[in-house]
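Chemist: start-v7.csv is reproduced below (CSV, C-alpha atoms).
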```
chain,number,residue,atom,x,y,z
A,1,MET,CA,-65.3,22.4,-27.9
A,2,THR,CA,-68.5,20.4,-28.0
A,3,ILE,CA,-68.9,16.7,-28.3
A,4,LYS,CA,-70.7,15.8,-31.6
A,5,VAL,CA,-73.6,13.3,-31.3
A,6,LEU,CA,-75.5,11.2,-33.8
A,7,VAL,CA,-79.0,10.1,-32.6
A,8,VAL,CA,-80.4,6.9,-34.2
A,9,ASP,CA,-83.9,5.6,-33.6
A,10,ASP,CA,-86.8,4.7,-35.8
A,11,SER,CA,-89.2,6.7,-33.6
A,12,SER,CA,-89.3,10.4,-34.6
A,13,PHE,CA,-90.6,11.2,-31.1
A,14,PHE,CA,-87.7,9.4,-29.4
A,15,ARG,CA,-85.1,11.0,-31.8
A,16,ARG,CA,-86.5,14.4,-31.0
A,17,ARG,CA,-86.6,13.9,-27.2
A,18,VAL,CA,-83.1,12.5,-27.1
A,19,SER,CA,-81.9,15.3,-29.2
A,20,GLU,CA,-83.5,17.9,-26.9
A,21,ILE,CA,-82.0,16.3,-23.8
A,22,VAL,CA,-78.5,16.1,-25.4
A,23,THR,CA,-78.5,19.7,-26.6
A,24,GLN,CA,-79.5,21.0,-23.2
A,25,ASP,CA,-75.9,20.4,-22.2
A,26,PRO,CA,-73.6,23.1,-23.6
A,27,GLU,CA,-70.9,20.5,-24.0
A,28,LEU,CA,-73.0,18.4,-26.4
A,29,GLU,CA,-74.2,19.0,-30.0
A,30,VAL,CA,-76.4,16.8,-32.1
A,31,VAL,CA,-75.0,16.9,-35.6
A,32,ALA,CA,-77.4,14.5,-37.3
A,33,THR,CA,-80.2,12.0,-36.7
A,34,ALA,CA,-81.0,8.7,-38.4
A,35,SER,CA,-84.1,6.5,-38.5
A,36,ASN,CA,-82.4,3.1,-39.2
A,37,GLY,CA,-79.0,1.4,-39.2
A,38,MET,CA,-78.3,2.0,-42.9
A,39,GLU,CA,-78.9,5.7,-42.5
A,40,ALA,CA,-76.8,5.7,-39.3
A,41,ILE,CA,-73.8,4.3,-41.2
A,42,LYS,CA,-74.2,7.0,-43.8
A,43,MET,CA,-74.5,9.8,-41.2
A,44,ALA,CA,-71.6,8.5,-39.3
A,45,LEU,CA,-69.3,8.5,-42.3
A,46,GLU,CA,-70.5,12.0,-43.3
A,47,HIS,CA,-70.6,13.8,-39.9
A,48,LYS,CA,-67.9,11.8,-38.0
A,49,PRO,CA,-69.7,12.1,-34.6
A,50,GLN,CA,-67.8,11.5,-31.4
A,51,VAL,CA,-70.7,9.5,-29.9
A,52,ILE,CA,-73.7,7.7,-31.4
A,53,THR,CA,-76.9,6.8,-29.5
A,54,MET,CA,-78.4,3.7,-31.1
A,55,ASP,CA,-81.7,1.9,-30.9
A,56,ILE,CA,-81.7,-1.9,-31.3
A,57,GLU,CA,-84.9,-2.7,-33.2
A,58,MET,CA,-85.2,-0.7,-36.4
A,59,PRO,CA,-86.4,-1.3,-40.0
A,60,VAL,CA,-84.0,-1.7,-43.0
A,61,MET,CA,-81.0,-2.4,-40.7
A,62,ASP,CA,-81.2,-3.2,-37.0
A,63,GLY,CA,-78.9,-1.6,-34.4
A,64,ILE,CA,-76.6,-4.5,-33.8
A,65,THR,CA,-75.8,-4.9,-37.5
A,66,ALA,CA,-75.3,-1.1,-37.7
A,67,VAL,CA,-72.9,-1.2,-34.7
A,68,ARG,CA,-70.8,-3.9,-36.4
A,69,GLU,CA,-70.7,-2.0,-39.7
A,70,ILE,CA,-69.7,1.3,-38.0
A,71,MET,CA,-67.0,-0.4,-36.0
A,72,ALA,CA,-65.5,-1.8,-39.1
A,73,LYS,CA,-65.7,1.5,-41.1
A,74,ILE,CA,-65.4,4.3,-38.6
A,75,PRO,CA,-65.0,3.2,-35.0
A,76,THR,CA,-67.1,5.4,-32.8
A,77,PRO,CA,-68.3,5.2,-29.1
A,78,ILE,CA,-71.9,3.9,-29.2
A,79,LEU,CA,-74.5,4.1,-26.4
A,80,MET,CA,-77.4,1.6,-26.9
A,81,PHE,CA,-80.9,2.1,-25.8
A,82,SER,CA,-82.5,-1.2,-24.6
A,83,SER,CA,-85.9,-2.4,-23.4
A,84,LEU,CA,-85.9,-4.0,-19.9
A,85,THR,CA,-86.9,-7.4,-21.0
A,86,HIS,CA,-85.0,-10.7,-21.3
A,87,ASP,CA,-84.9,-10.4,-25.1
A,88,GLY,CA,-83.8,-6.8,-24.7
A,89,ALA,CA,-81.0,-7.9,-22.4
A,90,LYS,CA,-79.8,-10.5,-24.9
A,91,ALA,CA,-79.9,-8.1,-27.8
A,92,THR,CA,-78.0,-5.4,-25.8
A,93,LEU,CA,-75.3,-8.0,-24.9
A,94,ASP,CA,-75.0,-8.8,-28.6
A,95,ALA,CA,-74.6,-5.1,-29.3
A,96,LEU,CA,-71.8,-4.9,-26.7
A,97,ASP,CA,-70.2,-7.9,-28.4
A,98,ALA,CA,-70.4,-6.1,-31.7
A,99,GLY,CA,-68.5,-3.1,-30.3
A,100,ALA,CA,-71.0,-0.8,-28.4
A,101,LEU,CA,-69.5,0.6,-25.3
A,102,ASP,CA,-72.5,1.3,-23.0
A,103,PHE,CA,-76.3,1.0,-22.7
A,104,LEU,CA,-79.2,2.7,-21.0
A,105,PRO,CA,-82.7,1.3,-20.5
A,106,LYS,CA,-85.1,2.8,-23.0
A,107,ARG,CA,-87.6,4.2,-20.5
A,108,PHE,CA,-89.8,6.5,-22.6
A,109,GLU,CA,-91.7,7.7,-19.5
A,110,ASP,CA,-88.5,9.1,-18.0
A,111,ILE,CA,-87.3,10.9,-21.1
A,112,ALA,CA,-90.8,12.1,-22.2
A,113,THR,CA,-91.6,13.7,-18.8
A,114,ASN,CA,-88.2,15.5,-18.8
A,115,LYS,CA,-87.2,14.1,-15.4
A,116,ASP,CA,-84.0,15.7,-14.1
A,117,GLU,CA,-82.4,12.5,-13.1
A,118,ALA,CA,-82.9,10.8,-16.5
A,119,ILE,CA,-81.7,13.9,-18.3
A,120,LYS,CA,-78.5,14.1,-16.2
A,121,LEU,CA,-77.8,10.4,-16.6
A,122,LEU,CA,-78.1,10.5,-20.4
A,123,GLN,CA,-75.9,13.6,-20.6
A,124,GLN,CA,-73.3,12.1,-18.3
A,125,ARG,CA,-73.1,8.8,-20.2
A,126,VAL,CA,-72.8,10.6,-23.6
A,127,LYS,CA,-70.0,12.9,-22.3
A,128,ALA,CA,-68.1,10.1,-20.7
A,129,LEU,CA,-68.1,8.1,-24.0
A,130,GLY,CA,-67.3,11.3,-26.0
A,131,ARG,CA,-64.1,11.7,-24.1
A,132,ARG,CA,-62.8,8.3,-25.2
A,133,ARG,CA,-61.1,8.2,-28.5
A,134,LEU,CA,-61.3,5.0,-30.5
A,135,PHE,CA,-58.9,4.1,-33.2
A,136,ARG,CA,-59.2,0.7,-34.7
A,137,PRO,CA,-61.3,-2.5,-34.4
A,138,VAL,CA,-59.5,-5.6,-33.3
A,139,ILE,CA,-61.3,-8.9,-33.8
A,140,SER,CA,-60.6,-11.6,-31.1
A,141,ARG,CA,-62.2,-14.9,-30.3
A,142,SER,CA,-62.6,-16.7,-27.0
A,143,PRO,CA,-59.9,-19.3,-26.5
A,144,THR,CA,-60.7,-22.9,-27.4
A,145,PRO,CA,-62.1,-24.3,-24.2
A,146,GLU,CA,-60.8,-27.3,-22.3
A,147,PRO,CA,-62.9,-30.6,-22.8
A,148,THR,CA,-64.2,-30.3,-19.2
A,149,ARG,CA,-65.9,-27.0,-20.0
A,150,PRO,CA,-67.1,-26.7,-23.6
A,151,ALA,CA,-68.1,-23.2,-24.7
A,152,ILE,CA,-71.4,-22.7,-26.4
A,153,GLY,CA,-72.5,-19.7,-28.4
A,154,SER,CA,-68.9,-18.4,-28.9
A,155,ARG,CA,-68.7,-15.6,-31.4
A,156,PRO,CA,-66.2,-13.2,-32.7
A,157,GLN,CA,-65.9,-10.2,-30.4
A,158,VAL,CA,-65.0,-6.7,-31.5
A,159,GLN,CA,-62.8,-4.8,-29.1
A,160,LEU,CA,-61.7,-1.3,-29.6
A,161,GLN,CA,-58.1,-0.6,-28.4
A,162,ARG,CA,-55.8,2.4,-28.3
A,163,PRO,CA,-52.7,2.0,-30.4
A,164,GLN,CA,-49.7,0.7,-28.6
A,165,THR,CA,-46.9,3.2,-27.8
A,166,PRO,CA,-44.0,2.3,-30.1
A,167,GLY,CA,-41.5,0.2,-28.2
A,168,ALA,CA,-43.8,-0.2,-25.2
A,169,ALA,CA,-43.7,-3.6,-23.5
A,170,PRO,CA,-46.7,-5.2,-21.7
A,171,VAL,CA,-46.8,-4.5,-18.0
A,172,SER,CA,-45.4,-7.5,-16.1
A,173,VAL,CA,-46.9,-8.4,-12.8
A,174,ARG,CA,-44.8,-10.6,-10.6
A,175,ALA,CA,-46.8,-12.9,-8.3
A,176,SER,CA,-46.5,-12.0,-4.6
A,177,GLY,CA,-46.9,-15.5,-3.3
A,178,LYS,CA,-49.8,-14.4,-1.1
A,179,GLN,CA,-52.5,-17.0,-0.5
A,180,TYR,CA,-56.1,-15.9,-1.2
A,181,LYS,CA,-59.6,-17.2,-0.4
A,182,LEU,CA,-61.6,-15.0,-2.8
A,183,LEU,CA,-61.3,-13.0,-6.0
A,184,ALA,CA,-63.7,-10.0,-6.1
A,185,ILE,CA,-64.2,-7.9,-9.3
A,186,GLY,CA,-66.2,-4.7,-9.4
A,187,THR,CA,-67.1,-2.7,-12.6
A,188,SER,CA,-69.6,-0.6,-14.4
A,189,THR,CA,-69.5,1.1,-17.9
A,190,GLY,CA,-67.5,-1.2,-20.2
A,191,GLY,CA,-67.6,-4.0,-17.7
A,192,PRO,CA,-69.5,-6.7,-19.7
A,193,VAL,CA,-66.8,-6.8,-22.4
A,194,ALA,CA,-64.0,-6.5,-19.8
A,195,LEU,CA,-65.3,-9.3,-17.7
A,196,GLN,CA,-65.8,-11.5,-20.7
A,197,LYS,CA,-62.3,-10.9,-21.9
A,198,ILE,CA,-60.8,-11.7,-18.5
A,199,LEU,CA,-63.0,-14.7,-17.4
A,200,THR,CA,-62.7,-16.6,-20.7
A,201,GLN,CA,-59.0,-16.9,-20.0
A,202,PHE,CA,-59.5,-18.7,-16.7
A,203,PRO,CA,-59.0,-22.5,-16.6
A,204,ALA,CA,-61.9,-24.7,-15.4
A,205,ASN,CA,-59.9,-25.6,-12.2
A,206,TYR,CA,-59.3,-21.9,-11.2
A,207,PRO,CA,-58.6,-22.3,-7.4
A,208,LEU,CA,-60.7,-19.4,-6.0
A,209,PRO,CA,-64.4,-18.5,-5.8
A,210,ILE,CA,-65.1,-15.3,-7.7
A,211,VAL,CA,-67.7,-12.6,-7.0
A,212,LEU,CA,-68.6,-10.2,-9.8
A,213,ILE,CA,-70.3,-6.9,-9.1
A,214,GLN,CA,-71.5,-5.3,-12.4
A,215,HIS,CA,-73.8,-2.3,-12.4
A,216,MET,CA,-76.7,-3.7,-14.4
A,217,PRO,CA,-80.5,-3.7,-14.4
A,218,ALA,CA,-82.3,-6.7,-12.9
A,219,ALA,CA,-83.5,-7.9,-16.3
A,220,PHE,CA,-80.0,-8.1,-17.6
A,221,THR,CA,-78.0,-10.1,-15.0
A,222,PRO,CA,-79.6,-13.5,-15.7
A,223,ALA,CA,-78.8,-13.2,-19.4
A,224,PHE,CA,-75.3,-11.9,-18.8
A,225,ALA,CA,-74.5,-14.7,-16.3
A,226,GLN,CA,-75.9,-17.3,-18.8
A,227,ARG,CA,-73.8,-15.8,-21.6
A,228,LEU,CA,-70.6,-15.9,-19.5
A,229,ASN,CA,-71.3,-19.4,-18.4
A,230,GLY,CA,-71.5,-20.5,-22.0
A,231,LEU,CA,-68.3,-18.8,-23.0
A,232,CYS,CA,-66.1,-19.6,-20.0
A,233,ARG,CA,-64.4,-22.7,-18.8
A,234,ILE,CA,-65.3,-21.8,-15.2
A,235,SER,CA,-68.9,-21.9,-14.1
A,236,VAL,CA,-70.8,-18.6,-13.9
A,237,LYS,CA,-74.2,-18.1,-12.3
A,238,GLU,CA,-76.4,-15.3,-11.1
A,239,ALA,CA,-75.8,-15.3,-7.4
A,240,ALA,CA,-78.7,-16.5,-5.2
A,241,ASN,CA,-79.3,-16.1,-1.5
A,242,GLY,CA,-77.6,-18.9,0.4
A,243,ASP,CA,-75.1,-19.9,-2.4
A,244,LEU,CA,-72.0,-21.5,-0.9
A,245,LEU,CA,-68.8,-20.1,-2.6
A,246,GLN,CA,-67.0,-22.8,-4.5
A,247,PRO,CA,-63.6,-22.7,-6.3
A,248,GLY,CA,-63.8,-22.2,-10.0
A,249,CYS,CA,-67.2,-20.6,-9.9
A,250,ALA,CA,-68.1,-17.0,-10.4
A,251,TYR,CA,-71.2,-15.5,-8.8
A,252,LEU,CA,-72.7,-12.4,-10.5
A,253,ALA,CA,-74.5,-10.0,-8.2
A,254,PRO,CA,-78.2,-9.8,-9.3
A,255,GLY,CA,-79.3,-6.5,-10.7
A,256,GLY,CA,-81.5,-4.4,-8.4
A,257,MET,CA,-80.2,-6.1,-5.3
A,258,GLN,CA,-77.2,-6.1,-3.0
A,259,MET,CA,-74.8,-9.1,-2.7
A,260,MET,CA,-73.0,-9.7,0.6
A,261,ILE,CA,-70.5,-12.3,1.7
A,262,GLU,CA,-70.8,-14.1,5.0
A,263,LYS,CA,-68.5,-16.6,6.6
A,264,ALA,CA,-69.8,-20.1,6.6
A,265,GLY,CA,-67.4,-22.6,8.1
A,266,VAL,CA,-64.2,-22.9,6.0
A,267,SER,CA,-66.1,-21.4,3.0
A,268,GLY,CA,-68.3,-18.3,2.4
A,269,ARG,CA,-71.9,-17.9,1.7
A,270,ILE,CA,-73.8,-15.3,-0.3
A,271,LYS,CA,-76.5,-13.2,1.1
A,272,ILE,CA,-78.8,-11.3,-1.2
A,273,VAL,CA,-80.7,-8.3,0.2
A,274,ALA,CA,-82.8,-5.5,-1.2
A,275,GLY,CA,-80.6,-2.8,0.4
A,276,ASN,CA,-81.6,0.8,1.1
A,277,ALA,CA,-83.8,2.6,-1.3
A,278,ASP,CA,-81.4,5.6,-1.3
A,279,MET,CA,-78.4,3.6,-2.6
A,280,ASN,CA,-77.1,4.9,-5.9
A,281,TYR,CA,-76.0,1.5,-7.1
A,282,LYS,CA,-77.8,-1.9,-7.0
A,283,PRO,CA,-75.7,-3.9,-6.9
A,284,CYS,CA,-73.0,-1.8,-5.2
A,285,VAL,CA,-69.3,-2.7,-5.3
A,286,ASP,CA,-68.7,-1.0,-1.9
A,287,ILE,CA,-71.2,-3.2,-0.2
A,288,THR,CA,-69.9,-6.4,-1.5
A,289,PHE,CA,-66.2,-5.5,-0.9
A,290,ALA,CA,-67.0,-4.3,2.6
A,291,SER,CA,-68.8,-7.6,3.4
A,292,ALA,CA,-65.9,-9.6,1.9
A,293,SER,CA,-63.5,-7.7,4.3
A,294,LYS,CA,-65.5,-8.9,7.2
A,295,ALA,CA,-65.7,-12.5,6.0
A,296,TYR,CA,-62.2,-12.9,4.7
A,297,GLY,CA,-60.1,-10.1,6.0
A,298,GLY,CA,-56.9,-9.7,4.0
A,299,ASP,CA,-57.3,-12.9,2.1
A,300,VAL,CA,-58.9,-11.2,-0.9
A,301,LEU,CA,-57.7,-10.2,-4.3
A,302,ALA,CA,-60.0,-7.3,-5.4
A,303,VAL,CA,-60.0,-5.8,-8.8
A,304,VAL,CA,-61.7,-2.6,-9.9
A,305,LEU,CA,-62.4,-2.4,-13.6
A,306,THR,CA,-63.7,0.3,-16.0
A,307,GLY,CA,-66.7,2.4,-14.8
A,308,MET,CA,-68.1,5.8,-14.0
A,309,GLY,CA,-68.0,7.2,-10.5
A,310,ALA,CA,-66.2,6.0,-7.5
A,311,ASP,CA,-68.1,2.9,-6.4
A,312,GLY,CA,-65.7,0.4,-4.9
A,313,ARG,CA,-63.3,2.9,-3.4
A,314,GLU,CA,-64.5,2.7,0.2
A,315,GLY,CA,-65.0,-1.0,0.1
A,316,ALA,CA,-61.5,-1.4,-1.4
A,317,ARG,CA,-60.2,0.8,1.4
A,318,MET,CA,-61.6,-1.5,4.0
A,319,LEU,CA,-60.1,-4.5,2.3
A,320,LYS,CA,-56.7,-2.8,2.0
A,321,ASN,CA,-56.7,-1.9,5.7
A,322,LEU,CA,-57.0,-5.6,6.5
A,323,GLY,CA,-54.1,-6.6,4.2
A,324,ALA,CA,-56.0,-7.4,1.0
A,325,THR,CA,-54.5,-6.8,-2.5
A,326,ILE,CA,-56.2,-4.2,-4.6
A,327,TRP,CA,-55.7,-3.8,-8.3
A,328,ALA,CA,-57.2,-1.3,-10.8
A,329,GLN,CA,-57.5,-1.3,-14.6
A,330,ASP,CA,-55.3,1.2,-16.2
A,331,GLU,CA,-56.6,4.4,-17.9
A,332,ALA,CA,-55.7,3.5,-21.4
A,333,SER,CA,-57.7,0.4,-21.6
A,334,CYS,CA,-60.8,1.7,-19.7
A,335,VAL,CA,-64.0,2.7,-21.4
A,336,VAL,CA,-64.5,5.2,-18.5
A,337,TYR,CA,-61.6,5.8,-16.1
A,338,GLY,CA,-63.7,6.6,-13.1
A,339,MET,CA,-63.9,3.7,-10.6
A,340,PRO,CA,-60.3,2.6,-11.2
A,341,GLN,CA,-59.1,6.2,-11.0
A,342,ALA,CA,-60.8,6.6,-7.6
A,343,VAL,CA,-59.0,3.7,-6.0
A,344,THR,CA,-55.7,4.6,-7.7
A,345,ALA,CA,-55.8,8.3,-6.7
A,346,ALA,CA,-56.6,7.4,-3.1
A,347,GLY,CA,-53.5,5.2,-2.9
A,348,ILE,CA,-55.5,2.1,-2.4
A,349,SER,CA,-54.6,0.2,-5.5
A,350,THR,CA,-51.0,-1.2,-5.7
A,351,GLN,CA,-51.1,-2.0,-9.5
A,352,SER,CA,-52.7,-0.4,-12.6
A,353,ILE,CA,-53.0,-3.1,-15.2
A,354,GLY,CA,-54.2,-3.0,-18.8
A,355,LEU,CA,-57.1,-5.1,-19.8
A,356,GLU,CA,-55.0,-7.2,-22.1
A,357,ASN,CA,-52.8,-8.2,-19.2
A,358,MET,CA,-55.4,-8.5,-16.4
A,359,ALA,CA,-56.3,-12.2,-16.8
A,360,GLU,CA,-52.6,-13.2,-16.9
A,361,ALA,CA,-51.8,-11.1,-13.8
A,362,ILE,CA,-54.8,-12.5,-11.9
A,363,LEU,CA,-53.8,-16.1,-12.8
A,364,LYS,CA,-50.2,-15.5,-11.7
A,365,GLU,CA,-51.2,-13.9,-8.4
A,366,SER,CA,-53.7,-16.7,-7.8
A,367,GLY,CA,-51.1,-19.4,-8.2
A,368,ARG,CA,-52.3,-20.4,-11.7
A,369,GLY,CA,-49.8,-18.5,-13.9
```
Take the structure from the file and write it as structure tokens.
Modeler:
Amino acid sequence: MTIKVLVVDDSSFFRRRVSEIVTQDPELEVVATASNGMEAIKMALEHKPQVITMDIEMPVMDGITAVREIMAKIPTPILMFSSLTHDGAKATLDALDAGALDFLPKRFEDIATNKDEAIKLLQQRVKALGRRRLFRPVISRSPTPEPTRPAIGSRPQVQLQRPQTPGAAPVSVRASGKQYKLLAIGTSTGGPVALQKILTQFPANYPLPIVLIQHMPAAFTPAFAQRLNGLCRISVKEAANGDLLQPGCAYLAPGGMQMMIEKAGVSGRIKIVAGNADMNYKPCVDITFASASKAYGGDVLAVVLTGMGADGREGARMLKNLGATIWAQDEASCVVYGMPQAVTAAGISTQSIGLENMAEAILKESGRG
């Protein structure tokens, strides 16, 4: 049974090329196309696609407004196409806030020249989202911040959740009492929304430094770090070479680079390197986790969130072998259950925790619950 796709873009050329790429995969079927957001809503209601690819800048109605309307009327997994610019990054993050689940850079040269890698990537992303079934939109707001860390730019956030199993109780995680020196979180598809949901619940005096590894282009990480910093009580910054790890501060790995942790006295220090050209991910969760194992041994709480692939599994294995605690997001709350499944199936993770409960569990385990 094929996955039904709606392709939305104001460029007839781009609509045609995306449609051609999508339909090359026998598991995918383009059921309709649209040239603006208003038309996209109409086509979504009429054809009920399982995935929508959406441009951001369009006439009549832009992609962000269309995402918000579609999520309110007929919740559907949406893949955004974005330009690799600062404004493009901000707009894409707004689209994710509105309810889109994933994004790809809008590289016309890759798609137009029919490069195998670009074709495979687009098909994989569409299929991954098509396998997720969304049910109802839930509007939530970031918590009111403490006076020490006022939030700016806070906005309602649409989150798509599976319905609760009747009578099911939230997973309760009991704190182990273990002392940690670092919280490390790795994620990919669905990660921006997941990280925002978790980190906005942390108090300003969270006792550990935090390293964040999110698969994201170089143009996106400064805007994402800035957004998180405005919404969170803790401080969030894009990591820079030589940064000393401080409690209550989160360091986001810069896109296109590799972030490593080095021991520096009683603290730790960040080292940013270009990494090998043949690495699949920049930044790579495995690389940061592996370096954290050398710097901190077992004194690490590592969490693997939603994402495609298996990045993080081998780094988490190194941490686990030294006594670190490894947790994974559960399948039901993941946009894509790839990375968390990899550490869970390998027997590396000791807990599978839903996104709704993850912040509370981390705070308890860190001694802040």
Chemist: Would you please work out which residue, of A:Val126, A:Met58, A:Met38, A:Val8, is nearest to Val22 in chain A when using all atoms listed in the file?
Modeler: A:Val126
Chemist: Which of these residues is nearest to Glu360 in chain A, using only C-alpha atoms: A:Asn280, A:Gln246, A:Ser293, A:Gln201?
Modeler: A:Gln201
Chemist: What is the distance, in Å and to one decimal place, between CA of Asp330 in chain A and CA of Ser352 in chain A?
Modeler: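 Taking CA of Asp330 in chain A and CA of Ser352 in chain A, their separation equals 4.7 Å.
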Chemist: Skipping near chain neighbours, those fewer than 6 positions away, what residues fall within 12 Å of Gly268 in chain A using only C-alpha atoms, listed as a list in words?
Modeler: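 What passes the distance filter is Lys181, Leu182, Leu208, Pro209, Ile210, Val211, Asn241, Gly242, Asp243, Leu244, Leu245, Gln246, Pro247, Tyr251, Met260, Ile261, Glu262, Ser291, Ala292, Ser293, Lys294, Ala295 and Tyr296 of chain A.
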Chemist: Using only C-alpha atoms, pick whichever of A:Leu199, A:Ala100, A:Leu84, A:Leu28 has the shortest atom-to-atom distance to Met54 in chain A.
Modeler: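 Answer, going by the shortest atom-to-atom distance: A:Ala100.
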Chemist: What is the CA of Ile64 in chain A to CA of Gly88 in chain A distance in Å?
Modeler: 11.8 Å
